[in-house]
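Colleague: My structure is in protein.pdb, and what it holds is PDB, C-alpha atoms:
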```
ATOM      1  CA  MET D   1     100.029 114.118 256.461
ATOM      2  CA  GLU D   2     100.507 113.800 252.680
ATOM      3  CA  LYS D   3      97.820 111.193 252.219
ATOM      4  CA  GLU D   4      95.593 113.569 250.327
ATOM      5  CA  LEU D   5      98.348 114.376 247.843
ATOM      6  CA  ASP D   6      99.170 110.692 247.415
ATOM      7  CA  LYS D   7      95.521 110.016 246.705
ATOM      8  CA  VAL D   8      95.455 112.705 244.009
ATOM      9  CA  VAL D   9      98.609 111.291 242.424
ATOM     10  CA  GLU D  10      97.171 107.786 242.401
ATOM     11  CA  GLU D  11      94.036 109.111 240.808
ATOM     12  CA  ILE D  12      96.010 110.820 238.064
ATOM     13  CA  MET D  13      98.093 107.684 237.445
ATOM     14  CA  SER D  14      94.925 105.637 237.054
ATOM     15  CA  THR D  15      93.909 107.753 234.064
ATOM     16  CA  PRO D  16      94.331 105.880 230.760
ATOM     17  CA  ASN D  17      97.627 106.396 228.885
ATOM     18  CA  VAL D  18      99.210 108.280 231.793
ATOM     19  CA  SER D  19     102.652 106.874 232.597
ATOM     20  CA  GLY D  20     104.041 109.457 234.974
ATOM     21  CA  CYS D  21     103.075 112.323 237.251
ATOM     22  CA  LEU D  22     105.026 114.994 239.084
ATOM     23  CA  VAL D  23     104.105 117.815 241.456
ATOM     24  CA  ALA D  24     106.547 120.519 242.528
ATOM     25  CA  ASP D  25     106.447 123.798 244.405
ATOM     26  CA  HIS D  26     107.460 127.208 243.014
ATOM     27  CA  GLN D  27     111.094 126.704 243.974
ATOM     28  CA  GLY D  28     111.414 123.464 242.065
ATOM     29  CA  LEU D  29     111.159 121.196 245.090
ATOM     30  CA  CYS D  30     109.558 117.917 244.148
ATOM     31  CA  LEU D  31     106.499 117.232 246.306
ATOM     32  CA  ALA D  32     105.378 114.047 244.579
ATOM     33  CA  ALA D  33     106.631 111.936 241.686
ATOM     34  CA  LYS D  34     105.305 108.688 240.349
ATOM     35  CA  GLY D  35     105.859 106.470 237.313
ATOM     36  CA  THR D  36     108.172 107.635 234.547
ATOM     37  CA  ALA D  37     108.399 111.174 235.916
ATOM     38  CA  HIS D  38     111.783 111.555 237.575
ATOM     39  CA  VAL D  39     112.283 113.524 240.779
ATOM     40  CA  ASP D  40     115.276 115.341 239.264
ATOM     41  CA  SER D  41     113.155 116.868 236.514
ATOM     42  CA  ALA D  42     111.083 118.904 238.996
ATOM     43  CA  GLY D  43     113.303 121.993 238.699
ATOM     44  CA  ILE D  44     113.210 121.979 234.914
ATOM     45  CA  VAL D  45     109.457 121.490 234.860
ATOM     46  CA  VAL D  46     108.943 124.475 237.162
ATOM     47  CA  ALA D  47     111.330 126.600 235.113
ATOM     48  CA  ILE D  48     109.479 125.754 231.914
ATOM     49  CA  SER D  49     106.137 126.690 233.464
ATOM     50  CA  GLU D  50     107.591 129.978 234.723
ATOM     51  CA  GLN D  51     108.855 130.891 231.267
ATOM     52  CA  ALA D  52     105.478 129.985 229.771
ATOM     53  CA  CYS D  53     103.766 132.296 232.248
ATOM     54  CA  LYS D  54     106.101 135.094 231.177
ATOM     55  CA  ILE D  55     105.448 134.470 227.483
ATOM     56  CA  GLN D  56     101.682 134.298 227.926
ATOM     57  CA  PRO D  57     100.852 136.515 230.918
ATOM     58  CA  ASN D  58      97.192 136.856 229.865
ATOM     59  CA  LEU D  59      96.630 133.140 229.629
ATOM     60  CA  LYS D  60      96.026 131.855 233.142
ATOM     61  CA  PRO D  61      97.352 129.310 233.454
ATOM     62  CA  PRO D  62      99.241 128.480 230.229
ATOM     63  CA  THR D  63      99.657 124.799 229.427
ATOM     64  CA  VAL D  64     102.933 123.583 227.980
ATOM     65  CA  CYS D  65     102.944 120.413 225.905
ATOM     66  CA  LEU D  66     106.252 118.772 225.052
ATOM     67  CA  GLU D  67     105.852 116.136 222.389
ATOM     68  CA  THR D  68     107.938 113.299 221.132
ATOM     69  CA  ASP D  69     106.900 110.666 218.631
ATOM     70  CA  LYS D  70     105.244 108.475 221.227
ATOM     71  CA  LYS D  71     104.964 110.486 224.411
ATOM     72  CA  GLN D  72     103.545 113.748 225.569
ATOM     73  CA  CYS D  73     104.440 115.845 228.617
ATOM     74  CA  LEU D  74     101.820 118.302 229.835
ATOM     75  CA  ILE D  75     102.948 121.027 232.226
ATOM     76  CA  GLN D  76     100.694 123.513 233.971
ATOM     77  CA  ARG D  77     101.015 125.874 236.891
ATOM     78  CA  HIS D  78      98.364 126.645 239.469
ATOM     79  CA  GLY D  79      99.344 129.266 241.994
ATOM     80  CA  THR D  80     102.644 128.148 243.430
ATOM     81  CA  ILE D  81     102.163 124.524 242.443
ATOM     82  CA  THR D  82     103.337 123.109 239.126
ATOM     83  CA  GLY D  83     102.134 119.765 237.847
ATOM     84  CA  ALA D  84     103.419 117.593 235.026
ATOM     85  CA  ILE D  85     101.786 114.575 233.445
ATOM     86  CA  ILE D  86     103.575 112.206 231.087
ATOM     87  CA  LYS D  87     101.257 110.202 228.884
ATOM     88  CA  GLN D  88     101.392 107.999 225.840
ATOM     89  CA  LYS D  89     100.051 109.560 222.695
ATOM     90  CA  SER D  90      96.574 108.324 222.017
TER      91      SER D  90
ATOM     92  CA  MET E   1     185.299 190.870 186.294
ATOM     93  CA  GLN E   2     186.870 187.676 187.302
ATOM     94  CA  SER E   3     185.164 187.851 190.705
ATOM     95  CA  ASP E   4     181.757 188.499 189.076
ATOM     96  CA  ASP E   5     182.225 185.461 186.905
ATOM     97  CA  GLU E   6     183.049 183.364 189.930
ATOM     98  CA  ASP E   7     179.996 184.726 191.722
ATOM     99  CA  THR E   8     177.656 183.774 188.893
ATOM    100  CA  SER E   9     179.177 180.326 188.678
ATOM    101  CA  LEU E  10     178.757 179.856 192.418
ATOM    102  CA  HIS E  11     175.140 181.058 192.210
ATOM    103  CA  SER E  12     174.350 178.600 189.439
ATOM    104  CA  CYS E  13     176.077 175.885 191.396
ATOM    105  CA  PHE E  14     173.975 176.639 194.504
ATOM    106  CA  ASP E  15     170.834 176.644 192.371
ATOM    107  CA  SER E  16     171.666 173.174 191.111
ATOM    108  CA  LEU E  17     172.377 172.061 194.658
ATOM    109  CA  LYS E  18     168.973 173.326 195.812
ATOM    110  CA  THR E  19     167.325 171.437 192.949
ATOM    111  CA  ALA E  20     169.160 168.295 193.934
ATOM    112  CA  VAL E  21     168.171 168.334 197.579
ATOM    113  CA  MET E  22     164.608 169.648 197.173
ATOM    114  CA  GLY E  23     162.038 167.359 198.749
ATOM    115  CA  CYS E  24     164.652 165.088 200.269
ATOM    116  CA  CYS E  25     166.318 164.759 203.618
ATOM    117  CA  TYR E  26     169.992 165.498 203.801
ATOM    118  CA  SER E  27     172.755 165.814 206.279
ATOM    119  CA  ILE E  28     175.494 168.412 206.142
ATOM    120  CA  CYS E  29     178.477 166.273 206.797
ATOM    121  CA  HIS E  30     181.425 166.286 204.386
ATOM    122  CA  LYS E  31     183.686 163.392 203.908
ATOM    123  CA  ASP E  32     186.879 165.453 203.711
ATOM    124  CA  THR E  33     186.132 167.035 207.069
ATOM    125  CA  ASP E  34     185.326 163.707 208.664
ATOM    126  CA  PRO E  35     188.513 161.920 209.662
ATOM    127  CA  GLN E  36     186.687 158.796 210.860
ATOM    128  CA  GLU E  37     184.796 157.994 207.723
ATOM    129  CA  ASN E  38     184.754 154.228 208.018
ATOM    130  CA  THR E  39     183.890 154.057 211.708
ATOM    131  CA  VAL E  40     180.318 154.049 212.963
ATOM    132  CA  ASN E  41     179.473 157.322 214.655
ATOM    133  CA  GLU E  42     176.597 159.810 214.814
ATOM    134  CA  ARG E  43     177.254 160.897 211.226
ATOM    135  CA  THR E  44     177.213 157.405 209.728
ATOM    136  CA  HIS E  45     174.454 156.794 207.166
ATOM    137  CA  LEU E  46     171.562 154.761 208.446
ATOM    138  CA  LEU E  47     170.455 153.651 204.997
ATOM    139  CA  GLU E  48     172.717 152.570 202.182
ATOM    140  CA  VAL E  49     172.364 154.802 199.160
ATOM    141  CA  THR E  50     172.773 153.025 195.853
ATOM    142  CA  GLU E  51     175.252 154.191 193.243
ATOM    143  CA  GLN E  52     172.509 155.066 190.786
ATOM    144  CA  GLN E  53     170.886 157.492 193.206
ATOM    145  CA  GLN E  54     174.215 159.048 194.051
ATOM    146  CA  GLU E  55     174.972 159.830 190.477
ATOM    147  CA  THR E  56     171.546 160.941 189.369
ATOM    148  CA  PRO E  57     171.844 164.666 190.094
ATOM    149  CA  VAL E  58     175.326 164.987 188.605
ATOM    150  CA  PRO E  59     174.420 165.130 184.870
ATOM    151  CA  ALA E  60     171.692 167.695 185.504
ATOM    152  CA  ALA E  61     174.128 169.875 187.383
ATOM    153  CA  SER E  62     176.804 169.616 184.737
ATOM    154  CA  ALA E  63     174.306 170.334 181.973
ATOM    155  CA  SER E  64     173.012 173.470 183.638
ATOM    156  CA  THR E  65     176.446 174.896 184.382
ATOM    157  CA  PRO E  66     178.562 176.272 181.553
ATOM    158  CA  PRO E  67     182.084 174.888 181.008
ATOM    159  CA  ARG E  68     184.555 176.277 183.569
ATOM    160  CA  LYS E  69     188.136 175.779 184.453
ATOM    161  CA  PRO E  70     188.941 172.119 185.060
ATOM    162  CA  ASP E  71     189.829 172.547 188.731
ATOM    163  CA  GLU E  72     186.773 174.707 189.415
ATOM    164  CA  GLN E  73     184.493 172.358 187.527
ATOM    165  CA  SER E  74     185.900 169.347 189.268
ATOM    166  CA  ALA E  75     185.549 171.083 192.629
ATOM    167  CA  LEU E  76     181.883 171.872 191.908
ATOM    168  CA  ASN E  77     181.273 168.347 190.705
ATOM    169  CA  ARG E  78     182.876 167.022 193.852
ATOM    170  CA  ILE E  79     180.598 169.186 196.009
ATOM    171  CA  LEU E  80     177.585 168.054 194.029
ATOM    172  CA  HIS E  81     178.674 164.449 194.282
ATOM    173  CA  GLU E  82     179.159 164.671 198.034
ATOM    174  CA  THR E  83     175.836 166.410 198.497
ATOM    175  CA  ALA E  84     174.124 163.766 196.434
ATOM    176  CA  THR E  85     175.868 161.134 198.532
ATOM    177  CA  ASN E  86     174.421 162.670 201.669
ATOM    178  CA  VAL E  87     170.925 162.854 200.244
ATOM    179  CA  ILE E  88     168.599 160.005 201.093
ATOM    180  CA  ASP E  89     165.853 159.923 198.502
ATOM    181  CA  VAL E  90     163.094 158.229 200.457
ATOM    182  CA  GLY E  91     160.673 158.271 197.568
ATOM    183  CA  ALA E  92     163.062 156.385 195.303
ATOM    184  CA  LEU E  93     163.665 153.588 197.792
ATOM    185  CA  GLY E  94     160.469 151.903 196.658
ATOM    186  CA  PRO E  95     157.690 150.280 198.683
ATOM    187  CA  TYR E  96     158.375 148.082 201.684
ATOM    188  CA  ALA E  97     159.296 144.738 200.223
ATOM    189  CA  LEU E  98     158.692 141.524 202.169
ATOM    190  CA  GLU E  99     161.074 138.681 201.575
ATOM    191  CA  ALA E 100     159.619 135.665 199.831
ATOM    192  CA  GLY E 101     160.428 133.358 202.735
ATOM    193  CA  ALA E 102     158.814 135.615 205.322
ATOM    194  CA  TYR E 103     155.826 136.103 203.033
ATOM    195  CA  SER E 104     155.158 132.378 202.666
ATOM    196  CA  GLU E 105     155.700 131.899 206.382
ATOM    197  CA  ARG E 106     153.083 134.509 207.214
ATOM    198  CA  VAL E 107     150.664 132.979 204.726
ATOM    199  CA  ARG E 108     151.118 129.612 206.424
ATOM    200  CA  VAL E 109     150.603 131.030 209.952
ATOM    201  CA  TYR E 110     147.511 133.037 209.014
ATOM    202  CA  SER E 111     145.985 130.127 207.122
ATOM    203  CA  ALA E 112     146.504 127.871 210.128
ATOM    204  CA  ARG E 113     144.815 130.398 212.388
ATOM    205  CA  VAL E 114     141.856 130.845 210.084
ATOM    206  CA  ALA E 115     141.464 127.083 209.762
ATOM    207  CA  GLY E 116     141.559 126.708 213.550
ATOM    208  CA  LEU E 117     138.882 129.335 213.987
ATOM    209  CA  GLY E 118     136.659 127.684 211.410
ATOM    210  CA  ALA E 119     137.017 124.288 213.093
ATOM    211  CA  ALA E 120     136.209 125.736 216.531
ATOM    212  CA  GLY E 121     133.111 127.480 215.191
ATOM    213  CA  ALA E 122     131.832 124.375 213.437
ATOM    214  CA  ALA E 123     132.358 122.238 216.553
ATOM    215  CA  ALA E 124     129.886 124.297 218.592
ATOM    216  CA  PRO E 125     127.040 122.018 219.702
ATOM    217  CA  ARG E 126     123.621 122.715 218.312
ATOM    218  CA  LEU E 127     120.827 121.627 220.582
ATOM    219  CA  LEU E 128     118.133 123.090 218.372
ATOM    220  CA  ALA E 129     118.173 122.650 214.639
ATOM    221  CA  ASP E 130     115.971 124.419 212.137
ATOM    222  CA  LEU E 131     113.356 122.312 210.405
ATOM    223  CA  PRO E 132     112.610 122.679 206.711
ATOM    224  CA  HIS E 133     109.881 125.174 206.012
ATOM    225  CA  ALA E 134     107.317 122.616 204.833
ATOM    226  CA  GLU E 135     107.774 120.429 207.896
ATOM    227  CA  ARG E 136     107.622 123.425 210.200
ATOM    228  CA  ALA E 137     104.459 124.720 208.613
ATOM    229  CA  ALA E 138     102.844 121.276 208.896
ATOM    230  CA  LEU E 139     103.758 121.060 212.572
ATOM    231  CA  LEU E 140     102.456 124.507 213.376
ATOM    232  CA  ALA E 141      99.239 123.871 211.477
ATOM    233  CA  LYS E 142      98.347 120.954 213.738
ATOM    234  CA  PRO E 143      95.688 121.481 216.424
ATOM    235  CA  PRO E 144      97.489 122.786 219.532
ATOM    236  CA  LEU E 145      96.239 120.538 222.302
ATOM    237  CA  GLY E 146      93.239 118.339 222.744
ATOM    238  CA  ALA E 147      90.534 119.495 225.118
ATOM    239  CA  GLY E 148      90.756 116.174 226.944
ATOM    240  CA  ASP E 149      94.452 116.594 227.646
ATOM    241  CA  LYS E 150      93.941 120.155 228.756
ATOM    242  CA  ASP E 151      91.180 119.178 231.128
ATOM    243  CA  LEU E 152      93.295 116.333 232.429
ATOM    244  CA  ILE E 153      96.263 118.510 233.370
ATOM    245  CA  THR E 154      94.084 121.363 234.641
ATOM    246  CA  ASN E 155      92.083 119.119 236.947
ATOM    247  CA  ALA E 156      95.160 117.252 238.108
ATOM    248  CA  VAL E 157      97.046 120.389 239.044
ATOM    249  CA  LYS E 158      94.009 121.894 240.734
ATOM    250  CA  LYS E 159      93.483 118.781 242.827
ATOM    251  CA  ALA E 160      97.181 118.603 243.676
ATOM    252  CA  ALA E 161      97.237 122.262 244.710
ATOM    253  CA  ALA E 162      94.183 121.746 246.876
ATOM    254  CA  ALA E 163      95.738 118.673 248.465
ATOM    255  CA  ILE E 164      98.974 120.526 249.176
ATOM    256  CA  SER E 165      97.144 123.490 250.673
ATOM    257  CA  GLU E 166      95.627 121.077 253.158
ATOM    258  CA  LEU E 167      99.020 119.715 254.053
ATOM    259  CA  ARG E 168      99.416 120.005 257.795
ATOM    260  CA  VAL E 169     101.919 118.706 260.261
ATOM    261  CA  GLU E 170     100.160 116.168 262.407
ATOM    262  CA  HIS E 171     101.064 116.280 266.006
ATOM    263  CA  HIS E 172     101.602 112.782 267.392
ATOM    264  CA  GLU E 173     103.991 113.120 270.287
ATOM    265  CA  ASP E 174     105.702 115.756 272.399
ATOM    266  CA  LEU E 175     108.346 117.825 270.665
ATOM    267  CA  VAL E 176     110.423 118.043 273.848
ATOM    268  CA  VAL E 177     111.488 114.668 275.144
ATOM    269  CA  PRO E 178     112.912 114.413 278.701
ATOM    270  CA  PHE E 179     116.124 112.415 278.836
ATOM    271  CA  ARG E 180     115.785 111.385 282.478
ATOM    272  CA  VAL E 181     117.902 114.299 283.567
ATOM    273  CA  PRO E 182     117.895 114.396 287.360
TER     274      PRO E 182
END
```
Please re-express this file's structure in structure tokens.
Modeller:
Amino acid sequence: MEKELDKVVEEIMSTPNVSGCLVADHQGLCLAAKGTAHVDSAGIVVAISEQACKIQPNLKPPTVCLETDKKQCLIQRHGTITGAIIKQKS
Amino acid sequence: MQSDDEDTSLHSCFDSLKTAVMGCCYSICHKDTDPQENTVNERTHLLEVTEQQQETPVPAASASTPPRKPDEQSALNRILHETATNVIDVGALGPYALEAGAYSERVRVYSARVAGLGAAGAAAPRLLADLPHAERAALLAKPPLGAGDKDLITNAVKKAAAAISELRVEHHEDLVVPFRVP
């Protein structure tokens, strides 16, 4: 049933420097989470992407990048689906 | 002639009385007509009038009136004195004075309150702190996001959305299961 989604997640995780991946629906329900991405962060990730869409309504879709010294969290929304990728800084 | 003289003296006396009570509140009670002088009743003074204020109008009255018979003069002076006693000169009472003890107590209470407010305001948590201008400018001047990262997240989300859109419930067995009901 969710094999296709699992395959996509595995593919993303196999990308170099990627340590975590999360997919959630528009209500903040976590559909898939792997690696360092925690299931509980799905709601926050969706909320951040919603706010970004409000700030930049002409940019479709806006990409949010949260940075720390070593890590990077990329958040983007596509339709009702929001994805987040956590990767080491290259 | 004698009556005219008395009339003029009474007129001058009333003029002095009007000068004495002008601009002040007064009551019309007389001590000699009040048998219960020392008891508290509706005619008792609310504010204590000092001796200096009581005697202030007397010299002016005696200066303005010519010398009269001793009994008449003393009677006029007595009336003046009683009127002045009944006058409460609000303006001469001075500003509202706070006692030193109460003053220091209020200073202590207000200082404690202000200090408490300052401590509560400073204790508010700050999740976001302002960076110095130079550091902020350097951060904002950096390139926003690499094209590789952008492609990575865009492709990943697109693939995930496509995979989820193809999510279907697979039918494996009957939804209604008979429980061998006869």
Colleague: Find the residues of chain E in contact range of chain D, meaning any atom within 6 Å when counting only C-alpha atoms, and list them as a PDB file with C-alpha atoms, in the coordinates of the input.
Modeller:
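See iface.pdb below for the written result:
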```
ATOM      1  CA  VAL E 157      97.046 120.389 239.044  1.00  0.00           C
ATOM      2  CA  ALA E 161      97.237 122.262 244.710  1.00  0.00           C
ATOM      3  CA  ALA E 163      95.738 118.673 248.465  1.00  0.00           C
TER       4      ALA E 163
END
```
Colleague: Between CA of Arg106 (chain E) and CA of Ala92 (chain E), what is the spacing in Å?
Modeller: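 That distance, rounded to one decimal, is 26.8 Å.
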Colleague: Do you have the CA of Asp69 (chain D)-CA of Gln88 (chain D) distance handy?
Modeller: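 Distance reported for this atom pair: 9.5 Å.
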Colleague: One decimal, Å: what's the distance from CA of Gly20 (chain D) over to CA of His38 (chain D), could you say?
Modeller: 8.4 Å
Colleague: Smallest atom-to-atom distance to Met13 (chain D): which of E:Thr44, E:Ile153, E:Ala129, E:Leu117, using all atoms listed in the file?
Modeller: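 Going through E:Thr44, E:Ile153, E:Ala129, E:Leu117 one by one, the smallest distance to Met13 (chain D) is for E:Ile153.
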Colleague: Give as a PyMOL selection string the residues that the PyMOL selection byres ((chain D and resi 43) around 9) matches when applied to the coordinates above.
Modeller: chain D and resi 24+26-30+39-42+44-48
Colleague: Which residues are close to Lys89 (chain D), i.e. within 8 Å by all atoms listed in the file, leaving aside same-chain residues fewer than 5 positions away? Reply as JSON, numbers by chain.
Modeller: {"D": [17, 70, 71, 72]}
